[in-house]
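Listing of structure-v7.cif; format and content: mmCIF, C-alpha atoms, pLDDT in the B column; chains and numbers go by the auth columns.
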data_start
#
loop_
_atom_site.group_PDB
_atom_site.id
_atom_site.type_symbol
_atom_site.label_atom_id
_atom_site.label_comp_id
_atom_site.label_asym_id
_atom_site.label_seq_id
_atom_site.Cartn_x
_atom_site.Cartn_y
_atom_site.Cartn_z
_atom_site.B_iso_or_equiv
_atom_site.auth_seq_id
_atom_site.auth_asym_id
ATOM 1 C CA MET A 1 56.321 -153.576 22.007 49.00 1 U
ATOM 2 C CA LYS A 2 54.325 -152.556 18.916 56.00 2 U
ATOM 3 C CA LYS A 3 50.711 -151.579 19.593 63.00 3 U
ATOM 4 C CA THR A 4 48.274 -153.946 17.908 81.00 4 U
ATOM 5 C CA GLU A 5 45.785 -152.216 15.645 90.00 5 U
ATOM 6 C CA ASP A 6 42.082 -152.936 15.906 96.00 6 U
ATOM 7 C CA ASN A 7 40.862 -152.352 12.364 98.00 7 U
ATOM 8 C CA TYR A 8 37.786 -153.856 10.738 98.00 8 U
ATOM 9 C CA ALA A 9 37.419 -154.918 7.108 98.00 9 U
ATOM 10 C CA PHE A 10 34.159 -154.531 5.205 98.00 10 U
ATOM 11 C CA ILE A 11 34.226 -156.664 2.052 97.00 11 U
ATOM 12 C CA ASP A 12 31.825 -156.578 -0.895 94.00 12 U
ATOM 13 C CA SER A 13 32.303 -160.246 -1.844 92.00 13 U
ATOM 14 C CA GLN A 14 30.355 -160.109 -5.115 90.00 14 U
ATOM 15 C CA ASN A 15 32.333 -157.116 -6.367 90.00 15 U
ATOM 16 C CA VAL A 16 35.616 -158.824 -5.490 93.00 16 U
ATOM 17 C CA GLN A 17 34.665 -162.174 -7.006 90.00 17 U
ATOM 18 C CA LYS A 18 33.280 -160.758 -10.264 89.00 18 U
ATOM 19 C CA SER A 19 36.178 -158.372 -10.767 90.00 19 U
ATOM 20 C CA LEU A 20 38.841 -161.025 -10.225 91.00 20 U
ATOM 21 C CA GLU A 21 36.917 -163.480 -12.383 88.00 21 U
ATOM 22 C CA HIS A 22 36.991 -160.847 -15.147 87.00 22 U
ATOM 23 C CA GLN A 23 40.791 -160.706 -14.718 89.00 23 U
ATOM 24 C CA GLY A 24 41.033 -164.497 -14.988 88.00 24 U
ATOM 25 C CA TRP A 25 41.846 -165.540 -11.438 90.00 25 U
ATOM 26 C CA LYS A 26 40.256 -166.536 -8.137 92.00 26 U
ATOM 27 C CA LEU A 27 41.089 -165.238 -4.704 94.00 27 U
ATOM 28 C CA SER A 28 42.235 -167.548 -1.941 94.00 28 U
ATOM 29 C CA TRP A 29 39.971 -166.260 0.808 95.00 29 U
ATOM 30 C CA LYS A 30 42.142 -167.994 3.397 95.00 30 U
ATOM 31 C CA LYS A 31 45.285 -166.179 2.220 96.00 31 U
ATOM 32 C CA PHE A 32 43.350 -162.923 1.932 96.00 32 U
ATOM 33 C CA ARG A 33 42.152 -163.130 5.553 97.00 33 U
ATOM 34 C CA ILE A 34 45.732 -163.643 6.750 96.00 34 U
ATOM 35 C CA TYR A 35 46.907 -160.785 4.519 97.00 35 U
ATOM 36 C CA LEU A 36 44.292 -158.418 5.984 97.00 36 U
ATOM 37 C CA THR A 37 45.499 -159.213 9.493 97.00 37 U
ATOM 38 C CA GLU A 38 49.204 -158.945 8.753 96.00 38 U
ATOM 39 C CA LYS A 39 49.157 -155.946 6.412 96.00 39 U
ATOM 40 C CA TYR A 40 46.334 -153.815 7.837 97.00 40 U
ATOM 41 C CA GLY A 41 45.853 -154.954 11.437 97.00 41 U
ATOM 42 C CA VAL A 42 42.352 -156.288 10.730 98.00 42 U
ATOM 43 C CA THR A 43 40.898 -158.006 13.788 97.00 43 U
ATOM 44 C CA LYS A 44 37.386 -158.465 12.372 98.00 44 U
ATOM 45 C CA ALA A 45 36.613 -159.028 8.697 98.00 45 U
ATOM 46 C CA TYR A 46 32.998 -158.773 7.603 98.00 46 U
ATOM 47 C CA LEU A 47 32.188 -160.504 4.337 97.00 47 U
ATOM 48 C CA PHE A 48 28.906 -159.361 2.797 95.00 48 U
ATOM 49 C CA ILE A 49 27.508 -162.137 0.638 92.00 49 U
ATOM 50 C CA GLY A 50 24.276 -163.307 -0.953 87.00 50 U
ATOM 51 C CA PHE A 51 22.748 -166.350 0.692 89.00 51 U
ATOM 52 C CA LEU A 52 22.080 -169.512 -1.303 87.00 52 U
ATOM 53 C CA PRO A 53 21.290 -172.667 0.722 88.00 53 U
ATOM 54 C CA GLU A 54 23.380 -174.834 -1.623 90.00 54 U
ATOM 55 C CA ASN A 55 26.508 -172.839 -0.674 91.00 55 U
ATOM 56 C CA GLN A 56 26.482 -173.816 3.001 94.00 56 U
ATOM 57 C CA ALA A 57 29.844 -175.611 2.790 95.00 57 U
ATOM 58 C CA LEU A 58 31.418 -172.459 1.320 94.00 58 U
ATOM 59 C CA TYR A 59 29.959 -170.321 4.119 96.00 59 U
ATOM 60 C CA THR A 60 31.298 -172.692 6.766 96.00 60 U
ATOM 61 C CA MET A 61 34.739 -172.637 5.164 95.00 61 U
ATOM 62 C CA LEU A 62 34.776 -168.809 5.021 96.00 62 U
ATOM 63 C CA GLN A 63 33.822 -168.659 8.703 97.00 63 U
ATOM 64 C CA ASP A 64 36.594 -171.132 9.502 96.00 64 U
ATOM 65 C CA PHE A 65 39.029 -168.752 7.767 96.00 65 U
ATOM 66 C CA GLY A 66 37.949 -166.025 10.192 97.00 66 U
ATOM 67 C CA PHE A 67 35.344 -164.049 8.262 98.00 67 U
ATOM 68 C CA VAL A 68 32.135 -162.821 9.847 98.00 68 U
ATOM 69 C CA LEU A 69 29.465 -163.402 7.217 96.00 69 U
ATOM 70 C CA ILE A 70 26.613 -160.965 6.733 94.00 70 U
ATOM 71 C CA PHE A 71 24.022 -162.554 4.473 92.00 71 U
ATOM 72 C CA LYS A 72 21.695 -160.899 2.031 85.00 72 U
ATOM 73 C CA PRO A 73 18.819 -162.811 0.426 78.00 73 U
ATOM 74 C CA VAL A 74 19.273 -163.147 -3.318 77.00 74 U
ATOM 75 C CA LEU A 75 16.839 -162.563 -6.118 72.00 75 U
ATOM 76 C CA HIS A 76 16.570 -165.088 -8.911 73.00 76 U
ATOM 77 C CA LEU A 77 16.304 -163.083 -12.112 74.00 77 U
ATOM 78 C CA THR A 78 14.415 -164.234 -15.195 76.00 78 U
ATOM 79 C CA SER A 79 17.771 -164.411 -17.017 78.00 79 U
ATOM 80 C CA GLY A 80 18.748 -167.265 -14.679 70.00 80 U
ATOM 81 C CA LYS A 81 21.268 -165.148 -12.797 71.00 81 U
ATOM 82 C CA THR A 82 21.108 -164.350 -9.103 67.00 82 U
ATOM 83 C CA LYS A 83 21.474 -160.908 -7.557 68.00 83 U
ATOM 84 C CA GLY A 84 22.196 -160.020 -3.943 65.00 84 U
ATOM 85 C CA ASN A 85 22.824 -156.326 -3.339 71.00 85 U
ATOM 86 C CA VAL A 86 24.791 -155.927 -0.097 78.00 86 U
ATOM 87 C CA ASP A 87 25.476 -152.174 -0.269 87.00 87 U
ATOM 88 C CA ALA A 88 23.079 -151.034 2.450 89.00 88 U
ATOM 89 C CA GLU A 89 24.152 -153.800 4.833 92.00 89 U
ATOM 90 C CA LEU A 90 27.831 -152.974 4.413 95.00 90 U
ATOM 91 C CA VAL A 91 27.337 -149.256 5.052 96.00 91 U
ATOM 92 C CA LEU A 92 25.057 -149.958 8.008 95.00 92 U
ATOM 93 C CA GLN A 93 27.557 -152.342 9.637 97.00 93 U
ATOM 94 C CA ALA A 94 30.420 -149.892 9.116 98.00 94 U
ATOM 95 C CA MET A 95 28.388 -147.254 10.954 97.00 95 U
ATOM 96 C CA ILE A 96 27.131 -149.595 13.712 97.00 96 U
ATOM 97 C CA ASP A 97 30.738 -150.473 14.564 98.00 97 U
ATOM 98 C CA TYR A 98 32.097 -146.952 13.899 98.00 98 U
ATOM 99 C CA TYR A 99 33.161 -146.304 17.489 97.00 99 U
ATOM 100 C CA VAL A 100 34.453 -149.846 18.030 97.00 100 U
ATOM 101 C CA TYR A 101 37.157 -150.118 15.364 98.00 101 U
ATOM 102 C CA GLU A 102 40.174 -147.859 15.023 98.00 102 U
ATOM 103 C CA LYS A 103 40.026 -147.684 11.245 98.00 103 U
ATOM 104 C CA ALA A 104 38.125 -149.344 8.418 98.00 104 U
ATOM 105 C CA VAL A 105 39.499 -151.279 5.481 98.00 105 U
ATOM 106 C CA LEU A 106 36.912 -151.247 2.707 97.00 106 U
ATOM 107 C CA VAL A 107 37.236 -153.816 -0.085 96.00 107 U
ATOM 108 C CA THR A 108 35.253 -152.905 -3.209 95.00 108 U
ATOM 109 C CA GLY A 109 35.452 -151.069 -6.498 92.00 109 U
ATOM 110 C CA ASP A 110 31.780 -150.065 -6.412 92.00 110 U
ATOM 111 C CA GLY A 111 31.121 -146.325 -6.549 91.00 111 U
ATOM 112 C CA ASP A 112 27.978 -146.753 -4.469 92.00 112 U
ATOM 113 C CA PHE A 113 30.323 -146.727 -1.475 94.00 113 U
ATOM 114 C CA ALA A 114 31.808 -143.295 -2.280 94.00 114 U
ATOM 115 C CA CYS A 115 29.746 -141.604 0.449 95.00 115 U
ATOM 116 C CA LEU A 116 31.036 -144.080 3.049 96.00 116 U
ATOM 117 C CA VAL A 117 34.622 -143.670 1.828 96.00 117 U
ATOM 118 C CA HIS A 118 34.196 -139.892 1.967 95.00 118 U
ATOM 119 C CA HIS A 119 32.867 -139.996 5.538 96.00 119 U
ATOM 120 C CA LEU A 120 35.554 -142.392 6.787 97.00 120 U
ATOM 121 C CA TYR A 121 38.321 -140.455 5.049 96.00 121 U
ATOM 122 C CA LYS A 122 37.129 -137.063 6.294 95.00 122 U
ATOM 123 C CA ASN A 123 37.038 -138.368 9.868 97.00 123 U
ATOM 124 C CA GLN A 124 40.397 -140.176 9.620 97.00 124 U
ATOM 125 C CA LYS A 125 38.725 -143.567 10.053 98.00 125 U
ATOM 126 C CA LEU A 126 39.759 -145.024 6.672 97.00 126 U
ATOM 127 C CA LYS A 127 42.840 -147.231 6.856 97.00 127 U
ATOM 128 C CA ARG A 128 42.716 -148.359 3.215 97.00 128 U
ATOM 129 C CA LEU A 129 40.394 -148.842 0.289 96.00 129 U
ATOM 130 C CA ILE A 130 41.287 -152.047 -1.547 95.00 130 U
ATOM 131 C CA VAL A 131 39.898 -152.243 -5.064 93.00 131 U
ATOM 132 C CA PRO A 132 39.760 -155.585 -6.868 92.00 132 U
ATOM 133 C CA HIS A 133 40.979 -154.234 -10.215 87.00 133 U
ATOM 134 C CA LYS A 134 43.877 -151.847 -10.694 80.00 134 U
ATOM 135 C CA GLN A 135 42.266 -149.866 -13.510 78.00 135 U
ATOM 136 C CA GLN A 136 38.579 -150.702 -13.468 81.00 136 U
ATOM 137 C CA TYR A 137 36.924 -149.216 -10.432 84.00 137 U
ATOM 138 C CA SER A 138 34.632 -146.294 -9.846 88.00 138 U
ATOM 139 C CA ILE A 139 35.855 -142.773 -10.532 84.00 139 U
ATOM 140 C CA PHE A 140 33.872 -141.739 -7.449 89.00 140 U
ATOM 141 C CA LEU A 141 36.198 -143.817 -5.277 89.00 141 U
ATOM 142 C CA LYS A 142 39.295 -142.407 -6.991 83.00 142 U
ATOM 143 C CA LYS A 143 38.165 -138.901 -6.106 85.00 143 U
ATOM 144 C CA GLU A 144 37.620 -139.660 -2.424 84.00 144 U
ATOM 145 C CA ALA A 145 40.802 -141.317 -1.181 86.00 145 U
ATOM 146 C CA LYS A 146 43.301 -141.803 -3.985 83.00 146 U
ATOM 147 C CA GLU A 147 46.382 -141.941 -1.745 90.00 147 U
ATOM 148 C CA LEU A 148 44.775 -144.659 0.400 94.00 148 U
ATOM 149 C CA ILE A 149 43.888 -147.019 -2.460 94.00 149 U
ATOM 150 C CA ASP A 150 45.520 -150.427 -2.865 92.00 150 U
ATOM 151 C CA ASN A 151 44.489 -153.069 -5.387 92.00 151 U
ATOM 152 C CA LEU A 152 44.267 -156.835 -5.619 90.00 152 U
ATOM 153 C CA THR A 153 45.554 -156.962 -9.209 89.00 153 U
ATOM 154 C CA ASP A 154 49.137 -156.490 -8.000 89.00 154 U
ATOM 155 C CA LEU A 155 48.685 -159.243 -5.411 90.00 155 U
ATOM 156 C CA GLN A 156 47.629 -162.056 -7.729 85.00 156 U
ATOM 157 C CA THR A 157 50.794 -164.133 -7.236 86.00 157 U
ATOM 158 C CA LYS A 158 50.486 -163.805 -3.458 91.00 158 U
ATOM 159 C CA LEU A 159 46.712 -164.273 -3.035 89.00 159 U
ATOM 160 C CA GLU A 160 45.585 -166.431 -5.941 83.00 160 U
ATOM 161 C CA TYR A 161 43.685 -169.631 -5.208 85.00 161 U
ATOM 162 C CA LYS A 162 45.450 -172.651 -6.641 83.00 162 U
ATOM 163 C CA LYS A 163 43.456 -175.861 -6.684 79.00 163 U
ATOM 164 C CA GLY A 164 45.040 -178.544 -4.531 65.00 164 U
ATOM 165 C CA ALA A 165 47.392 -176.107 -2.796 57.00 165 U
ATOM 166 C CA HIS A 166 45.400 -176.070 0.459 52.00 166 U
ATOM 167 C CA SER A 167 44.456 -172.444 -0.130 51.00 167 U
#
Just give me the structure as structure tokens.
Amino acid sequence: MKKTEDNYAFIDSQNVQKSLEHQGWKLSWKKFRIYLTEKYGVTKAYLFIGFLPENQALYTMLQDFGFVLIFKPVLHLTSGKTKGNVDAELVLQAMIDYYVYEKAVLVTGDGDFACLVHHLYKNQKLKRLIVPHKQQYSIFLKKEAKELIDNLTDLQTKLEYKKGAHS
């Protein structure tokens, strides 16, 4: 019998959403959660996300899909945009659970996570780094774990959200 892996995913939701939006498609979070389990042996998937009270239905749905949500308060900028920086929370959670999971799957293209990628890679705790965009992600990440990098761009047909398709 094959040994079941016990890997954790740490997902920068804003980075994923904005990057895919820039590429012209939306991720089916439900399909993505299943994919993480089947492809990478992810037993716990943390989704780091800014909290807006009006998005409660979305948060409930994401939890129903199997994500553990870690909320960050958002700032309302004078431009009308909102900003919720989850970097510190993601790194902190990855280190809190460091001795619990076998390996980490980090989902981001943000170079601010290069130090975490470096640490996980050096200590053989990095399963994969999944970047949202095949070409547009931080050079700092490329330098740290290039042979362990996958991307969502190549998975669009498999993981794209299609309205009305129960995804």
For this session: Might you spell out which residues the PyMOL selection byres ((chain U and resi 148-153) around 6) would select in the displayed file, as a list in words?
Result: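 Residues picked by the PyMOL selection byres ((chain U and resi 148-153) around 6): Arg128, Leu129, Ile130, Val131, Pro132, His133, Lys134, Ala145, Lys146, Glu147, Asp154, Leu155 and Gln156 of chain U.
Taken over the shown file, the PyMOL selection byres ((chain U and resi 70-86) around 8) identifies Asp12, Tyr46, Leu47, Phe48, Ile49, Gly50, Phe51, Leu52, Val68, Leu69, Asp87, Ala88, Glu89 and Leu90 of chain U.
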For the residues in that selection, give me C-alpha atoms as a PDB file, keeping the file's coordinate frame.
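Once everything was written out, this is result08.pdb:
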ATOM      1  CA  ASP U  12      31.825-156.578  -0.895  1.00 94.00           C
ATOM      2  CA  TYR U  46      32.998-158.773   7.603  1.00 98.00           C
ATOM      3  CA  LEU U  47      32.188-160.504   4.337  1.00 97.00           C
ATOM      4  CA  PHE U  48      28.906-159.361   2.797  1.00 95.00           C
ATOM      5  CA  ILE U  49      27.508-162.137   0.638  1.00 92.00           C
ATOM      6  CA  GLY U  50      24.276-163.307  -0.953  1.00 87.00           C
ATOM      7  CA  PHE U  51      22.748-166.350   0.692  1.00 89.00           C
ATOM      8  CA  LEU U  52      22.080-169.512  -1.303  1.00 87.00           C
ATOM      9  CA  VAL U  68      32.135-162.821   9.847  1.00 98.00           C
ATOM     10  CA  LEU U  69      29.465-163.402   7.217  1.00 96.00           C
ATOM     11  CA  ASP U  87      25.476-152.174  -0.269  1.00 87.00           C
ATOM     12  CA  ALA U  88      23.079-151.034   2.450  1.00 89.00           C
ATOM     13  CA  GLU U  89      24.152-153.800   4.833  1.00 92.00           C
ATOM     14  CA  LEU U  90      27.831-152.974   4.413  1.00 95.00           C
TER      15      LEU U  90
END
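We find atom CA of U:Arg33 and atom CA of U:Leu62 to be spaced 9.3 Å apart.
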Problem set entry | Residue IDs satisfying the PyMOL selection byres ((chain U and resi 108) around 10), as a ChimeraX atom specification | /U:10-16,19,105-107,109-113,129-133,137-138,141,151
Could you save the residues just selected, with C-alpha atoms, as a CSV table (one decimal), keeping the file's coordinate frame?
chain,number,residue,atom,x,y,z
U,10,PHE,CA,34.2,-154.5,5.2
U,11,ILE,CA,34.2,-156.7,2.1
U,12,ASP,CA,31.8,-156.6,-0.9
U,13,SER,CA,32.3,-160.2,-1.8
U,14,GLN,CA,30.4,-160.1,-5.1
U,15,ASN,CA,32.3,-157.1,-6.4
U,16,VAL,CA,35.6,-158.8,-5.5
U,19,SER,CA,36.2,-158.4,-10.8
U,105,VAL,CA,39.5,-151.3,5.5
U,106,LEU,CA,36.9,-151.2,2.7
U,107,VAL,CA,37.2,-153.8,-0.1
U,109,GLY,CA,35.5,-151.1,-6.5
U,110,ASP,CA,31.8,-150.1,-6.4
U,111,GLY,CA,31.1,-146.3,-6.5
U,112,ASP,CA,28.0,-146.8,-4.5
U,113,PHE,CA,30.3,-146.7,-1.5
U,129,LEU,CA,40.4,-148.8,0.3
U,130,ILE,CA,41.3,-152.0,-1.5
U,131,VAL,CA,39.9,-152.2,-5.1
U,132,PRO,CA,39.8,-155.6,-6.9
U,133,HIS,CA,41.0,-154.2,-10.2
U,137,TYR,CA,36.9,-149.2,-10.4
U,138,SER,CA,34.6,-146.3,-9.8
U,141,LEU,CA,36.2,-143.8,-5.3
U,151,ASN,CA,44.5,-153.1,-5.4
Problem set entry | Distance query U:Leu120 at most 12 Å, only C-alpha atoms, self and fewer than 2 positions along chain excluded, as JSON, numbers by chain | {"U": [91, 94, 95, 98, 99, 101, 102, 103, 104, 105, 106, 113, 114, 115, 116, 117, 118, 122, 123, 124, 125, 126, 127, 128, 129, 144, 145, 148]}
Exercise. At what distance in Å, to one decimal, does atom CA of U:Tyr121 lie from atom CA of U:His22?
Worked result: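 For atom CA of U:His22 relative to atom CA of U:Tyr121, the distance reads 28.7 Å.
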